[in-house]
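Engineer: Below you will find the structure I want to go over with you.
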Amino acid sequence: MIRIENLSKSFTLHNQGGAVIPVMGGASLTVSRGECVGLTGQSGAGKSTLMRMVYGNYLIAGGRLIVGDLDVATAEPRQIIALRRQTLGYVSQFLRVVPRVPTLDVVAEPLLALGTPTAEARDRAAALLKRLNIPERLWPLSPTTFSGGEQQRVNIARGFAHAYPALLLDEPTASLDATNREVVLTLIEEAKARGAAILGIFHDEAARARVCDRQVDVTGFTPKAAA
Amino acid sequence: MSLHSTEFSQKVHAPDQPLLQVEGLTKRYGPRIGCADVSFDLYPGEVLGIVGESGSGKSTLLSCLAGHQRPDLGRIAYDGRDMLAMSETDRRRLSRTDWAYVHQNPRDGLRMGVSAGGNVGERLMAVGARHYGQIRGKAVDWLGRVEIAADRVDDRPSAFSGGMQQRLQIARNLVTSPRLVFMDEPTGGLDVSVQARLLDLLRGLVRDLGLSVIIVTHDLAVVRLLAHRLMVMKSGRVVEQGLTDQVLDDPQHAYTQLLVSSVLQV
C-alpha cells in the first residue's frame, strides 16, 4: 500500500547563506495492507520528516514514494488533496482547526468532505468521541480550549472517522492515560484488521511492541555528516 | 430575463474539468510590471490562496481575473469560455450569476445608501428573484450566517462598524450561490472571533456547494486553514506555488522562506 524507494531529502536555507542540509538519503521501506510498521531512531534522525514526505507535506528531492497507485514524489497538488481525502489519513501531534467550530463537527469533517450525509457523519463522530471518553458536554464546544490530552483524543477521533486504507500516526498514545491508551491501541488493531496499512512513530515501547508487525530504524537513512 | 434564472439553476459541477484556466497572464502599467506570466488552473471546490508583500501584484492579478482590468497578454478561460473574447454584456451577466467579488474595502462592494436587507436582496433580484417575502427571508438568513442581528436588517451600512460592513458585503456576495468567488483581503478588518466564524462558513460552502475561491491575503494563518493551494508572488511574478501546507512548511524560494519565518507566533 505504501512503497518507498531510495527516497532523499535536503533543505536549502536561502536566508542563512544558502546552506544545504541533507536530512535523508536512500530511504526504502514498504507497508502492506493490514500491516503496521513502526519508525524508530533517535530524536532528529528523521522519523517525522519521513512521515511528512509520505503525506506530501515536505517536497521529495529524489526517489519514489507510492501510496495506493499515486507517486507522491511527482503528484500534482490536486492529486495529493484527493489522496488525503480518500486514502491517506494522518494523526499528527497537533490539532489545527478553525476556532469556534464544535468538536463534533471537527471530528465529522473528514466524512463530510467525502459527501457523507451530515447525520451519519455526526453519528460516527459521536461514537468515536464517546469511545475516547470525551464528555458529551464538550462536544458542542471548540477543542481549541481543551487540555492537551483531550485535544490529542479529538485528533485521533478525526483521524479514525473515515476508514482510510492508509494511516500515518505520529505518537498517537503520547499524553494519554491508561484507559484511553488502551482505546487507541484497540482502534489501531481494528484498523489493521480491516486492512489499513499503518506507518507510525511510537515512543511508547510497549505500544510499539503490541501493534507493530515490524520496525524500521531510520538511522540508516540519515546521511553521514560531512567531514 | 428567464435566461438568467435557467442558467442559475443549471449550475453543473464537473470536478474533473477546470473552472478557470489562466495562461501567461501579464499586465503592465507603462514600464512597470503589474503581474507577469501567471498561469494556473482552478477546479470546482478548490480554494487558491495568493500571498506576497504589498505591491507584489496580487490585487492586479485578481482584478484582471475578475475582468475589472484587461491584461496585456495571456488567456483566461472560465468554464471553457474565452473571457477576453467575451462581450461586455455576457461578462456582466456572468459576474451577476456565477461570480462574486469581495472587496478589501466594504464600501467598494456595498451600496451605502441602501438598507442591509436591500444590499443582500438586490443581488437576488438581479438573478431573477421577485417574491418579496422570500427575498427578505433569505436576506435575514444570510445576515444571520454572518452574525448580523435580524433587527439591523433595515439599517443602512453607513450605520455599521467596519467589521459589520465587511460581513454584510460577504453576505451580499454569497447569497446567490456563485460558483467562483474572488476575495481581496476579506478578513483584514475583522475581529478574530468573526474571522473564525467566516472561515468556517466559507469552508462549509466550498465543501457542500463546490464553491471555488481565489483569496488574496496577508494572513498566512487564514490561508493555512482555508486554501488548498497557495501561490506566492513577488515583484509581479509567481515565485512558488503548491499545496498550501507544503509551501508553508517546506518553502523552496528564498522569499517564501523569509515570509514564513517572519510570522510572529501567538
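Following the order of the C-alpha cells, first chain is A, next is B, and so on, with residues numbered from 1 inside each chain and ligands from 1 in the order they appear.
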Applying 12 Å and only C-alpha atoms, which residues near B:Pro18 remain after dropping the ones on its own chain fewer than 2 positions away? List them as a list in words.
Structural biologist: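 Non-adjacent residues within range: Arg78 of chain A; His13, Ala14, Pro15, Asp16, Leu20, Gln21, Val22, Phe40, Asp41, Leu42, Tyr43, Pro44, Gly45, Glu46, Ile76, Ala77, Tyr78, Asp79, Gly80, Arg81, Leu180 and Ser212 of chain B.
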Engineer: Give me, as a PDB file with all heavy atoms, in the first residue's frame, the residues of chain A touching chain B, with the criterion being at most 8 Å (counting only C-alpha atoms).
Structural biologist:
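Output saved as part.pdb:
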```pdb
ATOM      1  N   THR A  12      17.327  23.600   1.735  1.00  0.00           N
ATOM      2  CA  THR A  12      18.229  24.679   1.353  1.00  0.00           C
ATOM      3  C   THR A  12      17.768  25.949   2.066  1.00  0.00           C
ATOM      4  O   THR A  12      16.646  26.401   1.863  1.00  0.00           O
ATOM      5  CB  THR A  12      18.190  24.902  -0.172  1.00  0.00           C
ATOM      6  OG1 THR A  12      18.470  23.660  -0.811  1.00  0.00           O
ATOM      7  CG2 THR A  12      19.215  25.929  -0.611  1.00  0.00           C
ATOM      8  N   LEU A  13      18.616  26.486   2.925  1.00  0.00           N
ATOM      9  CA  LEU A  13      18.247  27.666   3.708  1.00  0.00           C
ATOM     10  C   LEU A  13      18.776  28.914   3.007  1.00  0.00           C
ATOM     11  O   LEU A  13      19.902  29.337   3.235  1.00  0.00           O
ATOM     12  CB  LEU A  13      18.793  27.542   5.135  1.00  0.00           C
ATOM     13  CG  LEU A  13      18.426  26.239   5.856  1.00  0.00           C
ATOM     14  CD1 LEU A  13      19.051  26.200   7.247  1.00  0.00           C
ATOM     15  CD2 LEU A  13      16.915  26.056   5.949  1.00  0.00           C
ATOM     16  N   HIS A  14      17.946  29.481   2.127  1.00  0.00           N
ATOM     17  CA  HIS A  14      18.380  30.609   1.296  1.00  0.00           C
ATOM     18  C   HIS A  14      18.783  31.833   2.119  1.00  0.00           C
ATOM     19  O   HIS A  14      19.603  32.624   1.695  1.00  0.00           O
ATOM     20  CB  HIS A  14      17.270  31.010   0.336  1.00  0.00           C
ATOM     21  CG  HIS A  14      17.004  29.982  -0.715  1.00  0.00           C
ATOM     22  ND1 HIS A  14      17.886  29.735  -1.738  1.00  0.00           N
ATOM     23  CD2 HIS A  14      15.966  29.131  -0.892  1.00  0.00           C
ATOM     24  CE1 HIS A  14      17.388  28.785  -2.522  1.00  0.00           C
ATOM     25  NE2 HIS A  14      16.228  28.390  -2.017  1.00  0.00           N
ATOM     26  N   ASN A  15      18.134  31.991   3.285  1.00  0.00           N
ATOM     27  CA  ASN A  15      18.404  33.202   4.057  1.00  0.00           C
ATOM     28  C   ASN A  15      19.464  32.980   5.128  1.00  0.00           C
ATOM     29  O   ASN A  15      19.693  33.833   5.971  1.00  0.00           O
ATOM     30  CB  ASN A  15      17.107  33.711   4.675  1.00  0.00           C
ATOM     31  CG  ASN A  15      16.094  34.034   3.588  1.00  0.00           C
ATOM     32  OD1 ASN A  15      16.390  34.801   2.681  1.00  0.00           O
ATOM     33  ND2 ASN A  15      14.929  33.421   3.658  1.00  0.00           N
ATOM     34  N   GLY A  56       2.974  14.272   1.810  1.00  0.00           N
ATOM     35  CA  GLY A  56       3.060  15.323   0.786  1.00  0.00           C
ATOM     36  C   GLY A  56       3.284  16.688   1.387  1.00  0.00           C
ATOM     37  O   GLY A  56       3.174  17.709   0.709  1.00  0.00           O
ATOM     38  N   ASN A  57       3.601  16.710   2.690  1.00  0.00           N
ATOM     39  CA  ASN A  57       3.801  17.975   3.385  1.00  0.00           C
ATOM     40  C   ASN A  57       5.206  18.527   3.124  1.00  0.00           C
ATOM     41  O   ASN A  57       5.402  19.735   3.054  1.00  0.00           O
ATOM     42  CB  ASN A  57       3.557  17.734   4.883  1.00  0.00           C
ATOM     43  CG  ASN A  57       3.762  18.957   5.735  1.00  0.00           C
ATOM     44  OD1 ASN A  57       4.506  18.934   6.710  1.00  0.00           O
ATOM     45  ND2 ASN A  57       3.107  20.050   5.398  1.00  0.00           N
ATOM     46  N   TYR A  58       6.184  17.638   2.959  1.00  0.00           N
ATOM     47  CA  TYR A  58       7.533  18.033   2.557  1.00  0.00           C
ATOM     48  C   TYR A  58       7.761  17.567   1.123  1.00  0.00           C
ATOM     49  O   TYR A  58       7.391  16.439   0.773  1.00  0.00           O
ATOM     50  CB  TYR A  58       8.594  17.368   3.454  1.00  0.00           C
ATOM     51  CG  TYR A  58       8.810  18.022   4.800  1.00  0.00           C
ATOM     52  CD1 TYR A  58       9.711  17.468   5.704  1.00  0.00           C
ATOM     53  CD2 TYR A  58       8.143  19.184   5.165  1.00  0.00           C
ATOM     54  CE1 TYR A  58       9.929  18.051   6.952  1.00  0.00           C
ATOM     55  CE2 TYR A  58       8.356  19.765   6.402  1.00  0.00           C
ATOM     56  CZ  TYR A  58       9.243  19.198   7.297  1.00  0.00           C
ATOM     57  OH  TYR A  58       9.456  19.767   8.517  1.00  0.00           O
ATOM     58  N   LEU A  59       8.379  18.418   0.321  1.00  0.00           N
ATOM     59  CA  LEU A  59       8.699  18.030  -1.047  1.00  0.00           C
ATOM     60  C   LEU A  59       9.790  16.963  -1.026  1.00  0.00           C
ATOM     61  O   LEU A  59      10.648  16.959  -0.146  1.00  0.00           O
ATOM     62  CB  LEU A  59       9.208  19.229  -1.841  1.00  0.00           C
ATOM     63  CG  LEU A  59       8.190  20.181  -2.436  1.00  0.00           C
ATOM     64  CD1 LEU A  59       8.927  21.215  -3.286  1.00  0.00           C
ATOM     65  CD2 LEU A  59       7.153  19.457  -3.277  1.00  0.00           C
ATOM     66  N   PRO A  77      -0.539  18.886  -6.808  1.00  0.00           N
ATOM     67  CA  PRO A  77      -1.210  19.198  -5.546  1.00  0.00           C
ATOM     68  C   PRO A  77      -2.642  18.651  -5.494  1.00  0.00           C
ATOM     69  O   PRO A  77      -3.084  18.103  -4.485  1.00  0.00           O
ATOM     70  CB  PRO A  77      -1.228  20.728  -5.523  1.00  0.00           C
ATOM     71  CG  PRO A  77      -0.044  21.139  -6.321  1.00  0.00           C
ATOM     72  CD  PRO A  77       0.124  20.083  -7.384  1.00  0.00           C
ATOM     73  N   ARG A  78      -3.336  18.772  -6.613  1.00  0.00           N
ATOM     74  CA  ARG A  78      -4.723  18.324  -6.690  1.00  0.00           C
ATOM     75  C   ARG A  78      -4.865  16.816  -6.443  1.00  0.00           C
ATOM     76  O   ARG A  78      -5.822  16.355  -5.830  1.00  0.00           O
ATOM     77  CB  ARG A  78      -5.147  18.670  -8.108  1.00  0.00           C
ATOM     78  CG  ARG A  78      -6.528  18.523  -8.445  1.00  0.00           C
ATOM     79  CD  ARG A  78      -6.717  19.059  -9.860  1.00  0.00           C
ATOM     80  NE  ARG A  78      -7.598  18.171 -10.586  1.00  0.00           N
ATOM     81  CZ  ARG A  78      -8.844  17.987 -10.251  1.00  0.00           C
ATOM     82  NH1 ARG A  78      -9.367  18.634  -9.243  1.00  0.00           N
ATOM     83  NH2 ARG A  78      -9.591  17.158 -10.925  1.00  0.00           N
ATOM     84  N   ILE A  81      -4.348  16.262  -2.707  1.00  0.00           N
ATOM     85  CA  ILE A  81      -5.565  16.640  -1.966  1.00  0.00           C
ATOM     86  C   ILE A  81      -6.564  15.482  -2.002  1.00  0.00           C
ATOM     87  O   ILE A  81      -7.140  15.103  -0.976  1.00  0.00           O
ATOM     88  CB  ILE A  81      -6.182  17.922  -2.565  1.00  0.00           C
ATOM     89  CG1 ILE A  81      -5.277  19.125  -2.294  1.00  0.00           C
ATOM     90  CG2 ILE A  81      -7.576  18.172  -1.989  1.00  0.00           C
ATOM     91  CD1 ILE A  81      -5.596  20.348  -3.132  1.00  0.00           C
ATOM     92  N   VAL A  97      -7.294  23.509  13.842  1.00  0.00           N
ATOM     93  CA  VAL A  97      -8.684  23.618  13.394  1.00  0.00           C
ATOM     94  C   VAL A  97      -9.114  25.078  13.337  1.00  0.00           C
ATOM     95  O   VAL A  97      -8.459  25.948  13.902  1.00  0.00           O
ATOM     96  CB  VAL A  97      -9.644  22.885  14.354  1.00  0.00           C
ATOM     97  CG1 VAL A  97      -9.411  21.391  14.320  1.00  0.00           C
ATOM     98  CG2 VAL A  97      -9.516  23.414  15.774  1.00  0.00           C
ATOM     99  N   VAL A  98     -10.212  25.319  12.619  1.00  0.00           N
ATOM    100  CA  VAL A  98     -10.810  26.649  12.616  1.00  0.00           C
ATOM    101  C   VAL A  98     -11.402  26.886  14.010  1.00  0.00           C
ATOM    102  O   VAL A  98     -12.187  26.067  14.489  1.00  0.00           O
ATOM    103  CB  VAL A  98     -11.929  26.752  11.563  1.00  0.00           C
ATOM    104  CG1 VAL A  98     -12.617  28.116  11.641  1.00  0.00           C
ATOM    105  CG2 VAL A  98     -11.372  26.525  10.165  1.00  0.00           C
ATOM    106  N   PRO A  99     -11.008  27.972  14.691  1.00  0.00           N
ATOM    107  CA  PRO A  99     -11.549  28.227  16.022  1.00  0.00           C
ATOM    108  C   PRO A  99     -13.082  28.334  15.976  1.00  0.00           C
ATOM    109  O   PRO A  99     -13.639  28.685  14.943  1.00  0.00           O
ATOM    110  CB  PRO A  99     -10.946  29.580  16.405  1.00  0.00           C
ATOM    111  CG  PRO A  99      -9.803  29.792  15.489  1.00  0.00           C
ATOM    112  CD  PRO A  99     -10.099  29.037  14.239  1.00  0.00           C
ATOM    113  N   ARG A 100     -13.720  28.031  17.078  1.00  0.00           N
ATOM    114  CA  ARG A 100     -15.173  28.158  17.259  1.00  0.00           C
ATOM    115  C   ARG A 100     -15.974  27.050  16.599  1.00  0.00           C
ATOM    116  O   ARG A 100     -17.188  27.040  16.699  1.00  0.00           O
ATOM    117  CB  ARG A 100     -15.696  29.522  16.786  1.00  0.00           C
ATOM    118  CG  ARG A 100     -15.245  30.676  17.682  1.00  0.00           C
ATOM    119  CD  ARG A 100     -15.792  32.003  17.234  1.00  0.00           C
ATOM    120  NE  ARG A 100     -17.253  32.057  17.256  1.00  0.00           N
ATOM    121  CZ  ARG A 100     -17.947  33.090  16.798  1.00  0.00           C
ATOM    122  NH1 ARG A 100     -17.337  34.129  16.291  1.00  0.00           N
ATOM    123  NH2 ARG A 100     -19.256  33.089  16.851  1.00  0.00           N
ATOM    124  N   VAL A 101     -15.349  26.127  15.887  1.00  0.00           N
ATOM    125  CA  VAL A 101     -16.118  25.026  15.302  1.00  0.00           C
ATOM    126  C   VAL A 101     -16.294  23.948  16.372  1.00  0.00           C
ATOM    127  O   VAL A 101     -15.321  23.553  17.016  1.00  0.00           O
ATOM    128  CB  VAL A 101     -15.394  24.441  14.068  1.00  0.00           C
ATOM    129  CG1 VAL A 101     -16.162  23.251  13.510  1.00  0.00           C
ATOM    130  CG2 VAL A 101     -15.220  25.509  13.004  1.00  0.00           C
ATOM    131  N   LEU A 112     -17.674  14.446   6.075  1.00  0.00           N
ATOM    132  CA  LEU A 112     -18.459  15.424   5.307  1.00  0.00           C
ATOM    133  C   LEU A 112     -17.741  15.757   3.997  1.00  0.00           C
ATOM    134  O   LEU A 112     -18.367  15.924   2.957  1.00  0.00           O
ATOM    135  CB  LEU A 112     -18.688  16.695   6.134  1.00  0.00           C
ATOM    136  CG  LEU A 112     -19.527  16.516   7.397  1.00  0.00           C
ATOM    137  CD1 LEU A 112     -19.558  17.806   8.211  1.00  0.00           C
ATOM    138  CD2 LEU A 112     -20.951  16.096   7.039  1.00  0.00           C
ATOM    139  N   ALA A 113     -16.400  15.815   4.064  1.00  0.00           N
ATOM    140  CA  ALA A 113     -15.618  16.139   2.869  1.00  0.00           C
ATOM    141  C   ALA A 113     -15.771  15.053   1.801  1.00  0.00           C
ATOM    142  O   ALA A 113     -15.559  15.300   0.618  1.00  0.00           O
ATOM    143  CB  ALA A 113     -14.145  16.312   3.227  1.00  0.00           C
ATOM    144  N   GLY A 115     -18.635  13.584   1.304  1.00  0.00           N
ATOM    145  CA  GLY A 115     -20.032  13.585   0.882  1.00  0.00           C
ATOM    146  C   GLY A 115     -20.944  12.729   1.742  1.00  0.00           C
ATOM    147  O   GLY A 115     -22.091  12.488   1.381  1.00  0.00           O
TER     148      GLY A 115
END
```
Engineer: List as a PyMOL selection string the protein and nucleic acid residues near A:Arg64, meaning an atom at most 8 Å away when only C-alpha atoms are counted, but skip any in the same chain fewer than 3 places from it.
Structural biologist: chain A and resi 3-7+71-73
Engineer: Write a file of the just-selected residues containing N, CA, C and O atoms, as a PDB file, in the first residue's frame.
Structural biologist:
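As a result, part-v3.pdb now contains:
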```pdb
ATOM      1  N   ARG A   3       4.865   2.284  -0.614  1.00  0.00           N
ATOM      2  CA  ARG A   3       6.162   1.763  -1.049  1.00  0.00           C
ATOM      3  C   ARG A   3       7.134   2.918  -1.245  1.00  0.00           C
ATOM      4  O   ARG A   3       6.869   3.833  -2.030  1.00  0.00           O
ATOM      5  N   ILE A   4       8.225   2.896  -0.502  1.00  0.00           N
ATOM      6  CA  ILE A   4       9.216   3.964  -0.547  1.00  0.00           C
ATOM      7  C   ILE A   4      10.505   3.395  -1.105  1.00  0.00           C
ATOM      8  O   ILE A   4      10.981   2.365  -0.621  1.00  0.00           O
ATOM      9  N   GLU A   5      11.038   4.051  -2.143  1.00  0.00           N
ATOM     10  CA  GLU A   5      12.262   3.539  -2.781  1.00  0.00           C
ATOM     11  C   GLU A   5      13.300   4.641  -2.917  1.00  0.00           C
ATOM     12  O   GLU A   5      13.062   5.634  -3.602  1.00  0.00           O
ATOM     13  N   ASN A   6      14.416   4.452  -2.252  1.00  0.00           N
ATOM     14  CA  ASN A   6      15.580   5.313  -2.406  1.00  0.00           C
ATOM     15  C   ASN A   6      15.255   6.795  -2.267  1.00  0.00           C
ATOM     16  O   ASN A   6      15.684   7.630  -3.060  1.00  0.00           O
ATOM     17  N   LEU A   7      14.468   7.105  -1.242  1.00  0.00           N
ATOM     18  CA  LEU A   7      13.979   8.460  -1.050  1.00  0.00           C
ATOM     19  C   LEU A   7      15.062   9.364  -0.458  1.00  0.00           C
ATOM     20  O   LEU A   7      15.787   8.949   0.438  1.00  0.00           O
ATOM     21  N   ASP A  71       2.225   8.230  -7.163  1.00  0.00           N
ATOM     22  CA  ASP A  71       3.594   8.558  -6.768  1.00  0.00           C
ATOM     23  C   ASP A  71       3.587   9.977  -6.196  1.00  0.00           C
ATOM     24  O   ASP A  71       3.494  10.957  -6.930  1.00  0.00           O
ATOM     25  N   VAL A  72       3.666  10.049  -4.869  1.00  0.00           N
ATOM     26  CA  VAL A  72       3.577  11.342  -4.187  1.00  0.00           C
ATOM     27  C   VAL A  72       4.734  12.256  -4.606  1.00  0.00           C
ATOM     28  O   VAL A  72       4.605  13.483  -4.626  1.00  0.00           O
ATOM     29  N   ALA A  73       5.876  11.658  -4.986  1.00  0.00           N
ATOM     30  CA  ALA A  73       7.054  12.453  -5.349  1.00  0.00           C
ATOM     31  C   ALA A  73       6.803  13.324  -6.576  1.00  0.00           C
ATOM     32  O   ALA A  73       7.375  14.393  -6.705  1.00  0.00           O
TER      33      ALA A  73
END
```
Engineer: Choose the residue, out of A:Pro117, A:Gly25, A:Pro143, A:Gly148, that has the smallest atom-to-atom separation from A:Gly63; count only C-alpha atoms.
Structural biologist: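 Looking only at the distances to A:Gly63, the closest residue turns out to be A:Gly25.
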Engineer: Write out as number ranges by chain all residues of stretch 120-208 of chain A that backbone DSSP assigns to alpha helix (DSSP H).
Structural biologist: A: 120-131, 148-161, 178-193, 205-208
Engineer: Take the residues that were just selected and, keeping C-alpha atoms, output them as an mmCIF file, in the first residue's frame.
Structural biologist:
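Just written: part.cif:
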```cif
data_model
loop_
_atom_site.group_PDB
_atom_site.id
_atom_site.type_symbol
_atom_site.label_atom_id
_atom_site.label_comp_id
_atom_site.auth_asym_id
_atom_site.auth_seq_id
_atom_site.Cartn_x
_atom_site.Cartn_y
_atom_site.Cartn_z
ATOM 1 C CA GLU A 120 -24.486 9.854 9.553
ATOM 2 C CA ALA A 121 -21.147 11.711 9.826
ATOM 3 C CA ARG A 122 -22.152 13.181 13.200
ATOM 4 C CA ASP A 123 -23.283 9.776 14.488
ATOM 5 C CA ARG A 124 -19.922 8.277 13.600
ATOM 6 C CA ALA A 125 -18.133 11.244 15.206
ATOM 7 C CA ALA A 126 -20.238 10.918 18.358
ATOM 8 C CA ALA A 127 -19.496 7.197 18.633
ATOM 9 C CA LEU A 128 -15.747 7.827 18.401
ATOM 10 C CA LEU A 129 -15.792 10.711 20.897
ATOM 11 C CA LYS A 130 -17.724 8.516 23.294
ATOM 12 C CA ARG A 131 -15.244 5.656 22.899
ATOM 13 C CA GLY A 148 -3.542 18.552 25.719
ATOM 14 C CA GLY A 149 -4.820 15.016 26.261
ATOM 15 C CA GLU A 150 -8.345 15.919 25.175
ATOM 16 C CA GLN A 151 -7.074 17.614 22.014
ATOM 17 C CA GLN A 152 -4.992 14.541 21.286
ATOM 18 C CA ARG A 153 -8.081 12.340 21.540
ATOM 19 C CA VAL A 154 -10.127 14.691 19.325
ATOM 20 C CA ASN A 155 -7.309 14.451 16.794
ATOM 21 C CA ILE A 156 -7.386 10.668 16.969
ATOM 22 C CA ALA A 157 -11.178 10.566 16.580
ATOM 23 C CA ARG A 158 -10.818 12.767 13.487
ATOM 24 C CA GLY A 159 -8.109 10.518 12.064
ATOM 25 C CA PHE A 160 -10.214 7.374 12.535
ATOM 26 C CA ALA A 161 -13.568 8.845 11.424
ATOM 27 C CA ALA A 178 -4.010 4.050 30.596
ATOM 28 C CA THR A 179 -7.724 3.771 29.750
ATOM 29 C CA ASN A 180 -7.545 5.981 26.671
ATOM 30 C CA ARG A 181 -4.238 4.487 25.590
ATOM 31 C CA GLU A 182 -5.999 1.113 25.517
ATOM 32 C CA VAL A 183 -8.845 2.573 23.399
ATOM 33 C CA VAL A 184 -6.350 3.973 20.892
ATOM 34 C CA LEU A 185 -4.399 0.709 20.650
ATOM 35 C CA THR A 186 -7.680 -1.142 20.049
ATOM 36 C CA LEU A 187 -8.619 1.366 17.319
ATOM 37 C CA ILE A 188 -5.256 0.684 15.665
ATOM 38 C CA GLU A 189 -5.793 -3.077 15.888
ATOM 39 C CA GLU A 190 -9.272 -2.700 14.372
ATOM 40 C CA ALA A 191 -7.882 -0.588 11.526
ATOM 41 C CA LYS A 192 -5.268 -3.277 10.814
ATOM 42 C CA ALA A 193 -7.961 -5.951 10.879
ATOM 43 C CA GLU A 205 7.724 0.861 23.648
ATOM 44 C CA ALA A 206 5.005 -1.430 24.942
ATOM 45 C CA ALA A 207 2.518 0.077 22.491
ATOM 46 C CA ARG A 208 5.011 -0.347 19.675
#
```
Engineer: My list of candidates is A:Ser43, A:Ser48, A:Ser147, A:Ser142. Which is closest to A:Leu199 when distances are computed with only C-alpha atoms?
Structural biologist: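 Between A:Ser43, A:Ser48, A:Ser147, A:Ser142, the residue approaching A:Leu199 most closely is A:Ser48.
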Engineer: Mind pulling up the distance from atom CA of A:Ile198 to atom CA of A:Pro223?
Structural biologist: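 It comes out at 25.3 Å.
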Engineer: Show me, as a count of residues only, the residues that have an atom within 9 Å of A:Ala163 when counting only C-alpha atoms, minus same-chain residues fewer than 6 positions from it.
Structural biologist: 6
Engineer: If I take atom CA of B:Ser56 and atom CA of B:Val213, how far is one from the other in Å, to one decimal?
Structural biologist: 19.9 Å
Engineer: Do you have the atom CA of B:Gly52-atom CA of B:Asn173 distance handy?
Structural biologist: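 Going from atom CA of B:Gly52 over to atom CA of B:Asn173, I get 24.9 Å.
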Engineer: Taking only stretch 33-184 of chain A into account, list the residues labelled strand (DSSP E or B) by DSSP (computed from the backbone), as number ranges by chain.
Structural biologist: A: 36-40, 62-67, 70-71, 88-91, 166-170
Engineer: Convert the current residue selection to file output with N, CA, C and O atoms, as a short mmCIF file (atom, residue, chain, number, x, y, z; two decimals), in the first residue's frame.
Structural biologist:
```cif
data_model
loop_
_atom_site.label_atom_id
_atom_site.label_comp_id
_atom_site.auth_asym_id
_atom_site.auth_seq_id
_atom_site.Cartn_x
_atom_site.Cartn_y
_atom_site.Cartn_z
N CYS A 36 1.27 -2.91 10.34
CA CYS A 36 1.69 -1.67 10.99
C CYS A 36 3.21 -1.67 11.12
O CYS A 36 3.79 -2.61 11.67
N VAL A 37 3.84 -0.64 10.57
CA VAL A 37 5.30 -0.53 10.63
C VAL A 37 5.65 0.65 11.52
O VAL A 37 5.14 1.76 11.33
N GLY A 38 6.51 0.42 12.51
CA GLY A 38 6.92 1.48 13.42
C GLY A 38 8.27 2.05 13.02
O GLY A 38 9.18 1.30 12.70
N LEU A 39 8.38 3.37 13.02
CA LEU A 39 9.66 4.02 12.72
C LEU A 39 10.38 4.26 14.04
O LEU A 39 9.79 4.78 14.99
N THR A 40 11.66 3.89 14.10
CA THR A 40 12.43 4.14 15.31
C THR A 40 13.68 4.92 14.95
O THR A 40 14.00 5.11 13.77
N GLY A 62 14.38 13.22 -4.20
CA GLY A 62 14.66 12.14 -5.14
C GLY A 62 14.06 10.83 -4.68
O GLY A 62 13.75 10.67 -3.49
N GLY A 63 13.87 9.90 -5.59
CA GLY A 63 13.32 8.60 -5.24
C GLY A 63 11.84 8.52 -5.56
O GLY A 63 11.26 9.44 -6.12
N ARG A 64 11.25 7.38 -5.19
CA ARG A 64 9.83 7.16 -5.44
C ARG A 64 9.10 6.93 -4.12
O ARG A 64 9.65 6.35 -3.19
N LEU A 65 7.84 7.41 -4.07
CA LEU A 65 7.05 7.22 -2.86
C LEU A 65 5.62 6.96 -3.31
O LEU A 65 4.90 7.88 -3.67
N ILE A 66 5.25 5.68 -3.33
CA ILE A 66 3.94 5.31 -3.86
C ILE A 66 2.97 5.05 -2.70
O ILE A 66 3.26 4.26 -1.80
N VAL A 67 1.83 5.73 -2.72
CA VAL A 67 0.74 5.42 -1.79
C VAL A 67 -0.46 5.02 -2.64
O VAL A 67 -0.91 5.81 -3.47
N LEU A 70 -0.58 6.19 -6.42
CA LEU A 70 -0.08 7.53 -6.72
C LEU A 70 1.37 7.69 -6.27
O LEU A 70 1.72 7.34 -5.14
N ASP A 71 2.23 8.23 -7.16
CA ASP A 71 3.59 8.56 -6.77
C ASP A 71 3.59 9.98 -6.20
O ASP A 71 3.49 10.96 -6.93
N LEU A 88 -5.44 8.48 2.46
CA LEU A 88 -4.36 8.60 3.42
C LEU A 88 -4.73 9.51 4.60
O LEU A 88 -4.87 10.71 4.42
N GLY A 89 -4.88 8.92 5.77
CA GLY A 89 -5.18 9.70 6.96
C GLY A 89 -3.91 10.03 7.73
O GLY A 89 -2.88 9.38 7.54
N TYR A 90 -3.98 11.03 8.60
CA TYR A 90 -2.79 11.45 9.34
C TYR A 90 -3.21 11.95 10.71
O TYR A 90 -3.99 12.90 10.82
N VAL A 91 -2.73 11.29 11.75
CA VAL A 91 -2.96 11.80 13.10
C VAL A 91 -1.65 12.44 13.54
O VAL A 91 -0.68 11.75 13.84
N ALA A 166 -4.89 3.84 4.24
CA ALA A 166 -3.53 4.03 4.77
C ALA A 166 -3.56 5.10 5.83
O ALA A 166 -4.29 6.08 5.71
N LEU A 167 -2.78 4.90 6.89
CA LEU A 167 -2.82 5.83 8.03
C LEU A 167 -1.41 6.15 8.52
O LEU A 167 -0.56 5.25 8.61
N LEU A 168 -1.16 7.41 8.82
CA LEU A 168 0.09 7.82 9.44
C LEU A 168 -0.22 8.25 10.87
O LEU A 168 -1.11 9.07 11.10
N LEU A 169 0.50 7.68 11.84
CA LEU A 169 0.23 8.00 13.24
C LEU A 169 1.51 8.55 13.88
O LEU A 169 2.52 7.85 13.95
N ASP A 170 1.46 9.79 14.34
CA ASP A 170 2.63 10.39 14.98
C ASP A 170 2.38 10.45 16.48
O ASP A 170 1.63 11.31 16.96
#
```
Engineer: Go through B:Gly128, B:Gly49, B:Pro71, B:Gly118 and flag the residue nearest B:Arg28, using only C-alpha atoms for the distances.
Structural biologist: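 Of B:Gly128, B:Gly49, B:Pro71, B:Gly118, the one nearest B:Arg28 is B:Pro71, counting only C-alpha atoms.
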Engineer: Identify, on the basis of only C-alpha atoms, every residue whose closest approach to B:Arg123 does not exceed 9 Å; exclude the query and any residue fewer than 5 positions from it along the same chain; express the result as a list of chain:residue names.
Structural biologist: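 Everything that qualifies: B:Arg96, B:Gly118, B:Ala129, B:Arg172, B:Asn173, B:Val175, B:Thr176.
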Engineer: Tell me which protein, DNA and RNA residues are within 8 Å of B:Ser115, counting only C-alpha atoms, leaving out same-chain ones fewer than 5 positions away, and put them as an MDAnalysis selection string.
Structural biologist: chainID B and resid 153:157
Engineer: Can those selected residues be exported to a file as a PDB file, in the first residue's frame so that it contains C-alpha atoms?
Structural biologist:
```pdb
ATOM      1  CA  VAL B 153     -31.865  44.456   8.538  1.00  0.00           C
ATOM      2  CA  ASP B 154     -33.423  47.867   7.809  1.00  0.00           C
ATOM      3  CA  ASP B 155     -30.353  49.895   8.829  1.00  0.00           C
ATOM      4  CA  ARG B 156     -28.008  51.295   6.240  1.00  0.00           C
ATOM      5  CA  PRO B 157     -24.405  50.074   6.093  1.00  0.00           C
TER       6      PRO B 157
END
```
